[in-house]
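Novice: File follows, protein.cif with mmCIF, C-alpha atoms:
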```cif
data_work
#
loop_
_atom_site.group_PDB
_atom_site.id
_atom_site.type_symbol
_atom_site.label_atom_id
_atom_site.label_comp_id
_atom_site.auth_asym_id
_atom_site.auth_seq_id
_atom_site.Cartn_x
_atom_site.Cartn_y
_atom_site.Cartn_z
ATOM 1 C CA MET A 1 13.825 28.761 10.884
ATOM 2 C CA THR A 2 14.152 25.844 8.548
ATOM 3 C CA ASN A 3 11.795 24.445 5.966
ATOM 4 C CA LYS A 4 13.132 20.957 6.482
ATOM 5 C CA LYS A 5 10.484 18.253 6.452
ATOM 6 C CA VAL A 6 10.782 14.774 7.829
ATOM 7 C CA CYS A 7 9.971 12.064 5.299
ATOM 8 C CA VAL A 8 7.738 9.335 6.705
ATOM 9 C CA VAL A 9 7.916 6.032 4.814
ATOM 10 C CA PRO A 10 5.252 3.545 5.923
ATOM 11 C CA CYS A 11 5.258 -0.012 4.664
ATOM 12 C CA SER A 12 1.768 0.038 2.996
ATOM 13 C CA GLY A 13 1.958 -3.718 2.428
ATOM 14 C CA MET A 14 -1.257 -5.679 2.067
ATOM 15 C CA GLY A 15 -0.386 -9.141 3.321
ATOM 16 C CA LYS A 16 -0.664 -8.473 7.025
ATOM 17 C CA ALA A 17 -2.671 -6.228 9.326
ATOM 18 C CA LEU A 18 0.533 -4.443 10.310
ATOM 19 C CA GLY A 19 0.914 -3.073 6.783
ATOM 20 C CA SER A 20 -2.440 -1.379 7.258
ATOM 21 C CA VAL A 21 -1.362 -0.136 10.690
ATOM 22 C CA ALA A 22 1.882 1.289 9.235
ATOM 23 C CA ARG A 23 -0.172 3.157 6.683
ATOM 24 C CA GLU A 24 -2.427 4.573 9.415
ATOM 25 C CA VAL A 25 0.619 5.683 11.411
ATOM 26 C CA GLY A 26 1.722 7.664 8.358
ATOM 27 C CA PHE A 27 -1.679 9.285 7.975
ATOM 28 C CA ILE A 28 -1.903 10.216 11.667
ATOM 29 C CA LEU A 29 1.532 11.849 11.537
ATOM 30 C CA ALA A 30 1.008 13.637 8.248
ATOM 31 C CA GLU A 31 -2.581 14.751 8.789
ATOM 32 C CA ASP A 32 -3.200 14.997 12.545
ATOM 33 C CA LEU A 33 -0.052 15.274 14.635
ATOM 34 C CA ARG A 34 2.662 16.911 12.536
ATOM 35 C CA PRO A 35 1.178 18.067 9.210
ATOM 36 C CA ASP A 36 3.613 20.988 8.889
ATOM 37 C CA LYS A 37 6.729 18.979 9.631
ATOM 38 C CA THR A 38 6.223 15.748 7.710
ATOM 39 C CA PHE A 39 6.173 14.549 4.118
ATOM 40 C CA LEU A 40 4.477 11.228 3.509
ATOM 41 C CA VAL A 41 6.278 9.022 0.989
ATOM 42 C CA CYS A 42 4.211 6.777 -1.263
ATOM 43 C CA ILE A 43 6.235 3.609 -1.887
ATOM 44 C CA PRO A 44 4.582 2.563 -5.191
ATOM 45 C CA SER A 45 5.031 6.063 -6.647
ATOM 46 C CA LEU A 46 8.641 6.125 -5.474
ATOM 47 C CA ALA A 47 9.346 2.751 -7.063
ATOM 48 C CA ALA A 48 7.606 3.783 -10.264
ATOM 49 C CA GLY A 49 10.051 6.657 -10.620
ATOM 50 C CA SER A 50 8.492 9.684 -8.915
ATOM 51 C CA GLU A 51 11.219 12.340 -8.942
ATOM 52 C CA GLU A 52 9.652 14.302 -6.094
ATOM 53 C CA TYR A 53 9.673 11.369 -3.685
ATOM 54 C CA GLY A 54 13.213 10.411 -4.661
ATOM 55 C CA ARG A 55 14.492 13.970 -4.174
ATOM 56 C CA MET A 56 12.739 14.408 -0.829
ATOM 57 C CA LEU A 57 14.178 11.132 0.481
ATOM 58 C CA LYS A 58 17.724 12.109 -0.473
ATOM 59 C CA THR A 59 17.577 15.587 1.042
ATOM 60 C CA ASN A 60 15.544 15.226 4.251
ATOM 61 C CA PRO A 61 15.597 13.199 7.466
ATOM 62 C CA VAL A 62 13.707 9.914 7.152
ATOM 63 C CA ILE A 63 11.524 7.884 9.514
ATOM 64 C CA VAL A 64 10.566 4.391 8.389
ATOM 65 C CA ILE A 65 7.589 2.369 9.653
ATOM 66 C CA ASP A 66 8.159 -1.327 8.909
ATOM 67 C CA GLY A 67 5.284 -3.768 9.195
ATOM 68 C CA CYS A 68 7.081 -7.099 9.251
ATOM 69 C CA ALA A 69 10.421 -8.852 9.261
ATOM 70 C CA GLU A 70 10.878 -8.367 5.519
ATOM 71 C CA ARG A 71 11.507 -4.671 6.303
ATOM 72 C CA CYS A 72 10.470 -3.648 2.810
ATOM 73 C CA ALA A 73 10.037 0.038 3.664
ATOM 74 C CA THR A 74 13.589 0.202 5.017
ATOM 75 C CA LYS A 75 15.047 -1.631 2.016
ATOM 76 C CA ILE A 76 13.188 0.536 -0.482
ATOM 77 C CA ALA A 77 14.079 3.790 1.271
ATOM 78 C CA VAL A 78 17.771 2.856 1.445
ATOM 79 C CA LYS A 79 17.783 1.751 -2.192
ATOM 80 C CA ASN A 80 16.468 5.179 -3.112
ATOM 81 C CA GLY A 81 19.232 7.038 -1.332
ATOM 82 C CA ALA A 82 17.649 7.708 2.051
ATOM 83 C CA LYS A 83 19.655 8.002 5.222
ATOM 84 C CA ILE A 84 17.343 6.579 7.864
ATOM 85 C CA ASN A 85 17.199 8.546 11.098
ATOM 86 C CA ALA A 86 14.548 6.584 12.980
ATOM 87 C CA ARG A 87 12.812 3.302 12.432
ATOM 88 C CA PHE A 88 9.715 1.739 13.939
ATOM 89 C CA PHE A 89 9.261 -2.016 13.696
ATOM 90 C CA LEU A 90 5.609 -2.754 14.368
ATOM 91 C CA PRO A 91 5.995 -6.337 15.661
ATOM 92 C CA GLU A 92 8.051 -4.770 18.480
ATOM 93 C CA SER A 93 5.370 -2.137 19.004
ATOM 94 C CA ILE A 94 2.789 -4.905 19.418
ATOM 95 C CA ARG A 95 4.835 -6.323 22.283
ATOM 96 C CA LYS A 96 5.505 -2.918 23.761
ATOM 97 C CA TYR A 97 1.878 -1.783 23.837
ATOM 98 C CA GLY A 98 0.044 -5.118 24.092
ATOM 99 C CA LEU A 99 -2.184 -4.263 21.147
ATOM 100 C CA LYS A 100 -2.620 -6.780 18.348
ATOM 101 C CA PRO A 101 -4.694 -6.017 15.249
ATOM 102 C CA THR A 102 -5.802 -9.065 13.298
ATOM 103 C CA ASN A 103 -7.794 -7.812 10.314
ATOM 104 C CA ARG A 104 -5.720 -6.468 7.431
ATOM 105 C CA ASP A 105 -8.696 -4.820 5.711
ATOM 106 C CA ASP A 106 -10.149 -3.047 8.736
ATOM 107 C CA ILE A 107 -7.603 -2.702 11.523
ATOM 108 C CA ASP A 108 -10.248 -2.401 14.281
ATOM 109 C CA ILE A 109 -9.873 -0.579 17.587
ATOM 110 C CA GLU A 110 -6.644 -2.367 18.607
ATOM 111 C CA GLY A 111 -5.057 -1.461 15.300
ATOM 112 C CA GLU A 112 -6.228 2.143 15.541
ATOM 113 C CA ASN A 113 -4.861 2.436 19.068
ATOM 114 C CA LEU A 114 -1.569 0.840 18.090
ATOM 115 C CA ALA A 115 -1.252 3.286 15.189
ATOM 116 C CA LYS A 116 -1.925 6.226 17.527
ATOM 117 C CA LYS A 117 0.688 5.029 20.034
ATOM 118 C CA VAL A 118 3.366 4.584 17.385
ATOM 119 C CA ALA A 119 2.498 7.894 15.739
ATOM 120 C CA GLU A 120 2.762 9.697 19.084
ATOM 121 C CA GLU A 121 6.145 8.075 19.665
ATOM 122 C CA ALA A 122 7.289 8.986 16.163
ATOM 123 C CA SER A 123 6.119 12.578 16.522
ATOM 124 C CA ALA A 124 8.847 13.111 19.137
ATOM 125 C CA ASN A 125 11.405 11.958 16.553
ATOM 126 C CA VAL A 126 9.844 14.296 13.990
ATOM 127 C CA ASP A 127 10.238 17.278 16.352
ATOM 128 C CA LYS A 128 13.926 16.526 16.915
ATOM 129 C CA LEU A 129 14.697 15.842 13.284
ATOM 130 C CA ALA A 130 12.854 18.885 11.969
ATOM 131 C CA GLU A 131 14.819 21.312 14.178
ATOM 132 C CA MET B 1 -6.685 -28.990 -15.456
ATOM 133 C CA SER B 2 -4.843 -25.850 -14.475
ATOM 134 C CA ASN B 3 -4.360 -25.164 -10.777
ATOM 135 C CA LYS B 4 -3.258 -21.636 -11.438
ATOM 136 C CA LYS B 5 -4.620 -18.785 -9.427
ATOM 137 C CA VAL B 6 -4.801 -15.155 -10.359
ATOM 138 C CA ALA B 7 -2.281 -13.076 -8.461
ATOM 139 C CA VAL B 8 -3.879 -9.761 -7.528
ATOM 140 C CA ALA B 9 -1.609 -6.728 -7.254
ATOM 141 C CA ALA B 10 -3.212 -3.530 -5.999
ATOM 142 C CA CYS B 11 -1.757 -0.045 -5.991
ATOM 143 C CA THR B 12 -1.408 0.336 -2.156
ATOM 144 C CA GLY B 13 -0.436 3.965 -2.746
ATOM 145 C CA LEU B 14 -1.199 6.462 -0.035
ATOM 146 C CA ASP B 15 -0.937 9.807 -1.743
ATOM 147 C CA GLN B 16 -4.490 9.856 -3.041
ATOM 148 C CA PRO B 17 -7.887 8.281 -2.246
ATOM 149 C CA LEU B 18 -7.900 6.031 -5.316
ATOM 150 C CA GLY B 19 -4.951 4.118 -3.835
ATOM 151 C CA THR B 20 -7.117 3.310 -0.841
ATOM 152 C CA VAL B 21 -9.940 2.246 -3.156
ATOM 153 C CA ALA B 22 -7.546 -0.093 -4.986
ATOM 154 C CA ARG B 23 -6.351 -1.596 -1.734
ATOM 155 C CA LYS B 24 -9.835 -2.216 -0.357
ATOM 156 C CA ALA B 25 -11.118 -3.579 -3.660
ATOM 157 C CA GLY B 26 -8.182 -5.996 -3.672
ATOM 158 C CA TYR B 27 -9.119 -7.239 -0.215
ATOM 159 C CA GLN B 28 -12.740 -7.751 -1.269
ATOM 160 C CA VAL B 29 -11.693 -9.906 -4.222
ATOM 161 C CA LEU B 30 -9.172 -11.894 -2.179
ATOM 162 C CA ASP B 31 -11.110 -12.334 1.029
ATOM 163 C CA LYS B 32 -14.748 -12.343 -0.060
ATOM 164 C CA LEU B 33 -15.488 -12.616 -3.775
ATOM 165 C CA ARG B 34 -12.867 -15.037 -5.176
ATOM 166 C CA PRO B 35 -10.800 -16.388 -2.250
ATOM 167 C CA GLU B 36 -10.213 -19.767 -3.883
ATOM 168 C CA LYS B 37 -9.149 -18.355 -7.223
ATOM 169 C CA THR B 38 -6.750 -15.627 -6.119
ATOM 170 C CA VAL B 39 -3.518 -15.003 -4.265
ATOM 171 C CA LEU B 40 -2.305 -11.682 -2.945
ATOM 172 C CA LEU B 41 0.760 -9.894 -4.226
ATOM 173 C CA CYS B 42 2.151 -7.387 -1.776
ATOM 174 C CA THR B 43 3.397 -4.440 -3.841
ATOM 175 C CA PRO B 44 6.126 -3.251 -1.430
ATOM 176 C CA ALA B 45 7.344 -6.857 -1.184
ATOM 177 C CA LEU B 46 7.627 -7.006 -4.982
ATOM 178 C CA ILE B 47 9.652 -3.801 -4.988
ATOM 179 C CA ALA B 48 11.901 -5.085 -2.209
ATOM 180 C CA GLY B 49 12.397 -8.375 -4.072
ATOM 181 C CA VAL B 50 10.739 -10.722 -1.574
ATOM 182 C CA LYS B 51 11.139 -14.080 -3.295
ATOM 183 C CA GLU B 52 7.716 -15.551 -2.540
ATOM 184 C CA ASP B 53 5.896 -12.583 -4.063
ATOM 185 C CA VAL B 54 8.199 -12.329 -7.077
ATOM 186 C CA VAL B 55 7.778 -16.042 -7.872
ATOM 187 C CA TYR B 56 3.990 -15.785 -7.588
ATOM 188 C CA ALA B 57 4.017 -12.818 -9.970
ATOM 189 C CA LYS B 58 6.060 -14.713 -12.529
ATOM 190 C CA GLU B 59 4.289 -18.052 -12.331
ATOM 191 C CA ASN B 60 0.677 -16.883 -12.176
ATOM 192 C CA PRO B 61 -1.387 -14.547 -14.308
ATOM 193 C CA VAL B 62 -1.403 -11.147 -12.600
ATOM 194 C CA LEU B 63 -4.388 -8.837 -12.348
ATOM 195 C CA VAL B 64 -3.238 -5.304 -11.616
ATOM 196 C CA ILE B 65 -5.606 -2.880 -9.892
ATOM 197 C CA ASP B 66 -4.092 0.561 -10.356
ATOM 198 C CA GLY B 67 -5.469 3.688 -8.785
ATOM 199 C CA CYS B 68 -4.755 6.174 -11.527
ATOM 200 C CA GLU B 69 -3.141 6.783 -14.900
ATOM 201 C CA LYS B 70 0.338 6.861 -13.346
ATOM 202 C CA ALA B 71 -0.002 3.056 -13.366
ATOM 203 C CA CYS B 72 2.621 2.569 -10.644
ATOM 204 C CA CYS B 73 1.551 -0.950 -9.778
ATOM 205 C CA GLU B 74 1.631 -2.101 -13.398
ATOM 206 C CA LYS B 75 5.137 -0.644 -13.801
ATOM 207 C CA ILE B 76 6.312 -2.404 -10.641
ATOM 208 C CA VAL B 77 4.924 -5.806 -11.673
ATOM 209 C CA ARG B 78 6.413 -5.508 -15.177
ATOM 210 C CA GLU B 79 9.751 -4.365 -13.745
ATOM 211 C CA ILE B 80 10.172 -7.626 -11.827
ATOM 212 C CA GLY B 81 9.110 -9.694 -14.846
ATOM 213 C CA GLY B 82 5.596 -10.446 -13.636
ATOM 214 C CA ASN B 83 3.013 -11.984 -15.916
ATOM 215 C CA VAL B 84 0.611 -9.028 -16.299
ATOM 216 C CA THR B 85 -2.577 -10.489 -17.772
ATOM 217 C CA GLY B 86 -5.276 -8.025 -16.736
ATOM 218 C CA ILE B 87 -5.213 -4.332 -15.872
ATOM 219 C CA MET B 88 -7.858 -2.230 -14.168
ATOM 220 C CA ARG B 89 -7.560 1.514 -13.639
ATOM 221 C CA ILE B 90 -9.881 2.873 -11.027
ATOM 222 C CA ASN B 91 -9.974 6.369 -12.492
ATOM 223 C CA ASP B 92 -11.483 4.818 -15.643
ATOM 224 C CA VAL B 93 -14.083 2.918 -13.614
ATOM 225 C CA GLN B 94 -14.813 6.111 -11.711
ATOM 226 C CA LYS B 95 -15.635 7.957 -14.948
ATOM 227 C CA GLN B 96 -17.995 5.202 -16.047
ATOM 228 C CA HIS B 97 -19.949 5.177 -12.783
ATOM 229 C CA GLY B 98 -21.160 8.685 -12.132
ATOM 230 C CA ASP B 99 -17.784 10.033 -11.099
ATOM 231 C CA LEU B 100 -18.040 8.647 -7.547
ATOM 232 C CA GLN B 101 -15.690 10.633 -5.290
ATOM 233 C CA PRO B 102 -14.084 9.106 -2.181
ATOM 234 C CA ALA B 103 -14.108 11.518 0.762
ATOM 235 C CA SER B 104 -10.405 11.192 1.606
ATOM 236 C CA ARG B 105 -7.472 8.793 1.308
ATOM 237 C CA ARG B 106 -8.023 7.728 4.899
ATOM 238 C CA ARG B 107 -11.804 7.487 5.129
ATOM 239 C CA LEU B 108 -13.487 6.705 1.856
ATOM 240 C CA GLY B 109 -17.042 7.621 2.812
ATOM 241 C CA PRO B 110 -20.200 6.285 1.096
ATOM 242 C CA GLU B 111 -19.189 7.154 -2.487
ATOM 243 C CA GLY B 112 -15.719 5.722 -2.004
ATOM 244 C CA GLU B 113 -17.106 2.521 -0.499
ATOM 245 C CA LYS B 114 -19.535 2.218 -3.406
ATOM 246 C CA LEU B 115 -16.613 2.609 -5.803
ATOM 247 C CA VAL B 116 -14.766 -0.166 -3.926
ATOM 248 C CA GLU B 117 -17.744 -2.490 -4.416
ATOM 249 C CA ILE B 118 -17.960 -1.733 -8.141
ATOM 250 C CA VAL B 119 -14.217 -2.168 -8.707
ATOM 251 C CA ALA B 120 -14.163 -5.400 -6.682
ATOM 252 C CA LYS B 121 -17.067 -6.865 -8.660
ATOM 253 C CA LEU B 122 -15.420 -5.973 -11.970
ATOM 254 C CA ALA B 123 -12.101 -7.365 -10.751
ATOM 255 C CA ALA B 124 -13.758 -10.634 -9.680
ATOM 256 C CA GLU B 125 -15.275 -10.971 -13.160
ATOM 257 C CA GLU B 126 -11.852 -10.303 -14.660
ATOM 258 C CA VAL B 127 -10.402 -13.076 -12.463
ATOM 259 C CA ASP B 128 -12.956 -15.493 -13.942
ATOM 260 C CA ARG B 129 -12.125 -14.403 -17.497
ATOM 261 C CA ILE B 130 -8.397 -14.792 -16.931
ATOM 262 C CA LEU B 131 -8.780 -18.298 -15.526
ATOM 263 C CA GLU B 132 -11.081 -19.311 -18.396
ATOM 264 C CA LYS B 133 -8.414 -18.227 -20.868
ATOM 265 C CA GLU B 134 -5.760 -20.108 -18.928
ATOM 266 C CA LYS B 135 -7.755 -23.326 -19.386
ATOM 267 C CA GLN B 136 -7.793 -22.961 -23.184
#
```
How does the structure come out when it is put into structure tokens?
Specialist:
Amino acid sequence: MTNKKVCVVPCSGMGKALGSVAREVGFILAEDLRPDKTFLVCIPSLAAGSEEYGRMLKTNPVIVIDGCAERCATKIAVKNGAKINARFFLPESIRKYGLKPTNRDDIDIEGENLAKKVAEEASANVDKLAE
Amino acid sequence: MSNKKVAVAACTGLDQPLGTVARKAGYQVLDKLRPEKTVLLCTPALIAGVKEDVVYAKENPVLVIDGCEKACCEKIVREIGGNVTGIMRINDVQKQHGDLQPASRRRLGPEGEKLVEIVAKLAAEEVDRILEKEKQ
């Protein structure tokens, strides 16, 4: 048995509704679907020099949830030494699932459902990576 | 007359409930309380070096809304050379208002929502003060 955890790095951006959805995907994975297999990475803490987040990113598999074309979560994870094993790009998920949240403050039912779909998809990656 | 706006940078952290309070308070200031006087800074975009956000942070006075004493958002804005003009720490506000406790980082609950309202109101007042000073 291994104690390996999968780091989940959601965008957490505020400019668009998909930043809020990315954040919710992280919470669903870390609290509901795979609490024992995941480690949620807080981007501001990481950037402000958190040693724990930096160490976890360098030594564990990483899943990134990007909210927009800037791909900030990917860039920040890579800059901090992560090797990215799986990546979810939410604009693609919108097309895939036909769900489009519009409110960045309260992601409404479409945003919640989109977050659940992506989290379910990502949980399969978590299971493989945590083996 | 100055056409400057206050750039609001909120914690956006997701490892504790006060990050969620900071985020929601930021939205209240930007979308409801002072929409014409503020612009949003996206903290991950600042870290990733997105030009639009970095330029805003340098050319406008920045109000930082940090969740806790770790002051991550303030560090990030200063790191990119942003013009930090006002700083709010929600844990300080929390102490001054009956120690309101959000239920969780995901669902704030009544006390957390009340804390959001208080922080947003204080932040909106700080926006006004910053812009007054800019005029002088």
Novice: Would you tabulate, counting all atoms listed in the file, all residues of chain B that have an atom at most 10 Å from an atom of chain A, showing the closest pair of atoms and their distance in Å to one decimal, sorted by chain then ascending number, as a tab-separated table?
Specialist:
```
residue	atom	partner	partner_atom	distance
B:Ala9	CA	A:Met14	CA	9.4
B:Ala10	CA	A:Met14	CA	8.6
B:Cys11	CA	A:Pro44	CA	6.9
B:Thr12	CA	A:Ser12	CA	6.1
B:Gly13	CA	A:Cys42	CA	5.6
B:Leu14	CA	A:Cys42	CA	5.6
B:Asp15	CA	A:Cys42	CA	6.0
B:Gln16	CA	A:Cys42	CA	9.4
B:Gly19	CA	A:Pro44	CA	9.8
B:Arg23	CA	A:Met14	CA	7.6
B:Lys24	CA	A:Asp105	CA	6.7
B:Ala25	CA	A:Asp105	CA	9.8
B:Gly26	CA	A:Met14	CA	9.0
B:Tyr27	CA	A:Asp105	CA	6.4
B:Gln28	CA	A:Asp105	CA	8.6
B:Asp31	CA	A:Asp105	CA	9.2
B:Leu40	CA	A:Gly15	CA	7.0
B:Leu41	CA	A:Gly15	CA	7.7
B:Cys42	CA	A:Met14	CA	5.4
B:Thr43	CA	A:Gly13	CA	6.5
B:Pro44	CA	A:Gly13	CA	5.7
B:Ala45	CA	A:Cys72	CA	6.0
B:Leu46	CA	A:Cys72	CA	8.9
B:Ile47	CA	A:Ala47	CA	6.9
B:Ala48	CA	A:Cys72	CA	5.4
B:Gly49	CA	A:Cys72	CA	8.6
B:Val50	CA	A:Glu70	CA	7.5
B:Lys70	CA	A:Ser45	CA	8.2
B:Ala71	CA	A:Ala48	CA	8.2
B:Cys72	CA	A:Ala48	CA	5.1
B:Cys73	CA	A:Pro44	CA	6.5
B:Glu74	CA	A:Ala48	CA	9.0
B:Lys75	CA	A:Ala48	CA	6.2
B:Ile76	CA	A:Ala48	CA	6.3
B:Glu79	CA	A:Ala48	CA	9.1
B:Arg105	CA	A:Phe27	CA	8.8
B:Arg106	CA	A:Phe27	CA	7.2
```
Novice: Excluding segment 83-85 of chain A and any residue of its chain fewer than 2 positions from it, enumerate the residues within 7 Å of it, using only C-alpha atoms, and give them as a list in words.
Specialist: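 The filter keeps Pro61, Val62, Ile63, Val78, Gly81 and Arg87 of chain A.
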Novice: Which residues are close to Leu131 of chain B, i.e. within 8 Å by all atoms listed in the file, leaving aside same-chain residues fewer than 5 positions away? Reply as a ChimeraX atom specification.
Specialist: /B:4-6
Novice: Would you mind exporting the chosen residues as an mmCIF file, in the coordinates of the input, restricted to C-alpha atoms?
Specialist:
```
data_model
loop_
_atom_site.group_PDB
_atom_site.id
_atom_site.type_symbol
_atom_site.label_atom_id
_atom_site.label_comp_id
_atom_site.auth_asym_id
_atom_site.auth_seq_id
_atom_site.Cartn_x
_atom_site.Cartn_y
_atom_site.Cartn_z
ATOM 1 C CA LYS B 4 -3.258 -21.636 -11.438
ATOM 2 C CA LYS B 5 -4.620 -18.785 -9.427
ATOM 3 C CA VAL B 6 -4.801 -15.155 -10.359
#
```
Novice: Between A:Ala69, A:Leu129, A:Ala124, A:Ala115, which is the closest to Phe89 of chain A once you count only C-alpha atoms?
Specialist: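 Closest to Phe89 of chain A, using only C-alpha atoms: A:Ala69.
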Novice: Just to confirm, what's the straight-line distance from atom CA of Ile87 of chain B to atom CA of Ile65 of chain B in Å (one decimal)?
Specialist: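 Interatomic distance, atom CA of Ile87 of chain B to atom CA of Ile65 of chain B: 6.2 Å.
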Novice: With distances taken over only C-alpha atoms, which residue among B:Thr20, B:Asn83, B:Asn91, B:Gln136 lies nearest Asn60 of chain B?
Specialist: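 Of all the options, B:Asn83 lies closest to Asn60 of chain B.
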Novice: Select, from B:Ile80, B:Lys114, B:Gly86, B:Ile130, the residue with the minimum atom-to-atom distance to Asp99 of chain B, counting all atoms listed in the file.
Specialist: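 Comparing B:Ile80, B:Lys114, B:Gly86, B:Ile130 against Asp99 of chain B, the winner is B:Lys114.
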Novice: So that I can see what lies close to segment 33-36 of chain B, please list as a list in words the residues with an atom at most 9 Å from it, counting only C-alpha atoms and leaving out residues fewer than 5 positions away in the same chain.
Specialist: Lys5, Gln28, Ala120, Lys121, Ala124, Val127 and Asp128 of chain B
Novice: Care to translate the PyMOL selection byres ((chain A and resi 126) around 12) into actual residues of this file, as an MDAnalysis selection string?
Specialist: chainID A and resid 4:8 26 29:30 33:39 60:64 85:87 119:125 127:131
Novice: Rounded to one decimal, what separation in Å do you get between atom CA of Glu126 of chain B and atom CA of Thr38 of chain B?
Specialist: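 Atom-to-atom, atom CA of Glu126 of chain B and atom CA of Thr38 of chain B are spaced 11.3 Å apart.
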Novice: Grab the atom CA of Val77 of chain B to atom CA of Leu30 of chain B distance for me, in Å with one decimal place.
Specialist: 18.1 Å
Novice: Excluding segment 94-97 of chain A and its own-chain neighbours fewer than 6 positions away, which residues fall within 12 Å of it when counting only C-alpha atoms? Please give them as a short mmCIF file (atom, residue, chain, number, x, y, z; two decimals) with C-alpha atoms, in the coordinates of the input.
Specialist:
```cif
data_model
loop_
_atom_site.label_atom_id
_atom_site.label_comp_id
_atom_site.auth_asym_id
_atom_site.auth_seq_id
_atom_site.Cartn_x
_atom_site.Cartn_y
_atom_site.Cartn_z
CA ALA A 17 -2.67 -6.23 9.33
CA LEU A 18 0.53 -4.44 10.31
CA VAL A 21 -1.36 -0.14 10.69
CA ALA A 22 1.88 1.29 9.24
CA GLY A 67 5.28 -3.77 9.20
CA CYS A 68 7.08 -7.10 9.25
CA PHE A 88 9.72 1.74 13.94
CA GLU A 110 -6.64 -2.37 18.61
CA GLY A 111 -5.06 -1.46 15.30
CA ASN A 113 -4.86 2.44 19.07
CA LEU A 114 -1.57 0.84 18.09
CA ALA A 115 -1.25 3.29 15.19
CA LYS A 116 -1.92 6.23 17.53
CA LYS A 117 0.69 5.03 20.03
CA VAL A 118 3.37 4.58 17.39
CA GLU A 121 6.14 8.07 19.66
#
```
Novice: Applying 9 Å and only C-alpha atoms, which residues near Arg89 of chain B remain after dropping the ones on its own chain fewer than 5 positions away? List them as an MDAnalysis selection string.
Specialist: chainID B and resid 22 64:69 71 94
Novice: Please write the residues from the selection above to a file, keeping C-alpha atoms, as a PDB file, in the coordinates of the input.
Specialist:
```pdb
ATOM      1  CA  ALA B  22      -7.546  -0.093  -4.986  1.00  0.00           C
ATOM      2  CA  VAL B  64      -3.238  -5.304 -11.616  1.00  0.00           C
ATOM      3  CA  ILE B  65      -5.606  -2.880  -9.892  1.00  0.00           C
ATOM      4  CA  ASP B  66      -4.092   0.561 -10.356  1.00  0.00           C
ATOM      5  CA  GLY B  67      -5.469   3.688  -8.785  1.00  0.00           C
ATOM      6  CA  CYS B  68      -4.755   6.174 -11.527  1.00  0.00           C
ATOM      7  CA  GLU B  69      -3.141   6.783 -14.900  1.00  0.00           C
ATOM      8  CA  ALA B  71      -0.002   3.056 -13.366  1.00  0.00           C
ATOM      9  CA  GLN B  94     -14.813   6.111 -11.711  1.00  0.00           C
TER      10      GLN B  94
END
```
Novice: Using all atoms of segment 20-27 of chain A that appear in the file, construct an axis-aligned enclosing box with 5 Å of padding on every side and provide its centre coordinates and edge lengths in Å, rounded to one decimal, as AutoDock Vina command-line options.
Specialist:
```
--center_x -0.3 --center_y 4.0 --center_z 9.0 --size_x 14.3 --size_y 20.7 --size_z 14.7
```
Novice: Using the chain letters and numbering of this document, enumerate as a list in words the residues selected by the PyMOL selection byres ((chain A and resi 58) around 8).
Specialist: Gly54, Arg55, Met56, Leu57, Thr59, Asn60, Asn80, Gly81, Ala82 and Lys83 of chain A
Novice: I'd like to know which of A:Leu90, A:Val25, A:Leu99, A:Ile109 is closest to Val9 of chain A, using only C-alpha atoms.
Specialist: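 The closest residue to Val9 of chain A is A:Val25.
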Novice: Restricted to C-alpha atoms, what does segment 110-134 of chain B look like when written out as an mmCIF file, in the first residue's frame?
Specialist:
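out_6.cif was written with the following content:
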```cif
data_model
loop_
_atom_site.group_PDB
_atom_site.id
_atom_site.type_symbol
_atom_site.label_atom_id
_atom_site.label_comp_id
_atom_site.auth_asym_id
_atom_site.auth_seq_id
_atom_site.Cartn_x
_atom_site.Cartn_y
_atom_site.Cartn_z
ATOM 1 C CA PRO B 110 -25.148 32.548 8.178
ATOM 2 C CA GLU B 111 -22.174 33.742 10.261
ATOM 3 C CA GLY B 112 -19.828 33.515 7.299
ATOM 4 C CA GLU B 113 -22.248 35.413 5.069
ATOM 5 C CA LYS B 114 -22.611 38.083 7.751
ATOM 6 C CA LEU B 115 -18.825 38.371 7.884
ATOM 7 C CA VAL B 116 -18.773 38.787 4.081
ATOM 8 C CA GLU B 117 -21.231 41.685 4.357
ATOM 9 C CA ILE B 118 -19.188 43.405 7.071
ATOM 10 C CA VAL B 119 -15.887 42.979 5.213
ATOM 11 C CA ALA B 120 -17.437 44.170 1.938
ATOM 12 C CA LYS B 121 -18.872 47.292 3.579
ATOM 13 C CA LEU B 122 -15.534 48.121 5.200
ATOM 14 C CA ALA B 123 -13.723 47.469 1.924
ATOM 15 C CA ALA B 124 -16.126 49.756 0.032
ATOM 16 C CA GLU B 125 -15.427 52.527 2.554
ATOM 17 C CA GLU B 126 -11.706 51.926 2.106
ATOM 18 C CA VAL B 127 -12.157 52.267 -1.676
ATOM 19 C CA ASP B 128 -13.721 55.700 -1.114
ATOM 20 C CA ARG B 129 -10.879 56.765 1.188
ATOM 21 C CA ILE B 130 -8.228 55.633 -1.273
ATOM 22 C CA LEU B 131 -9.818 57.528 -4.154
ATOM 23 C CA GLU B 132 -10.196 60.667 -2.020
ATOM 24 C CA LYS B 133 -6.479 60.556 -1.264
ATOM 25 C CA GLU B 134 -5.684 60.033 -4.931
#
```
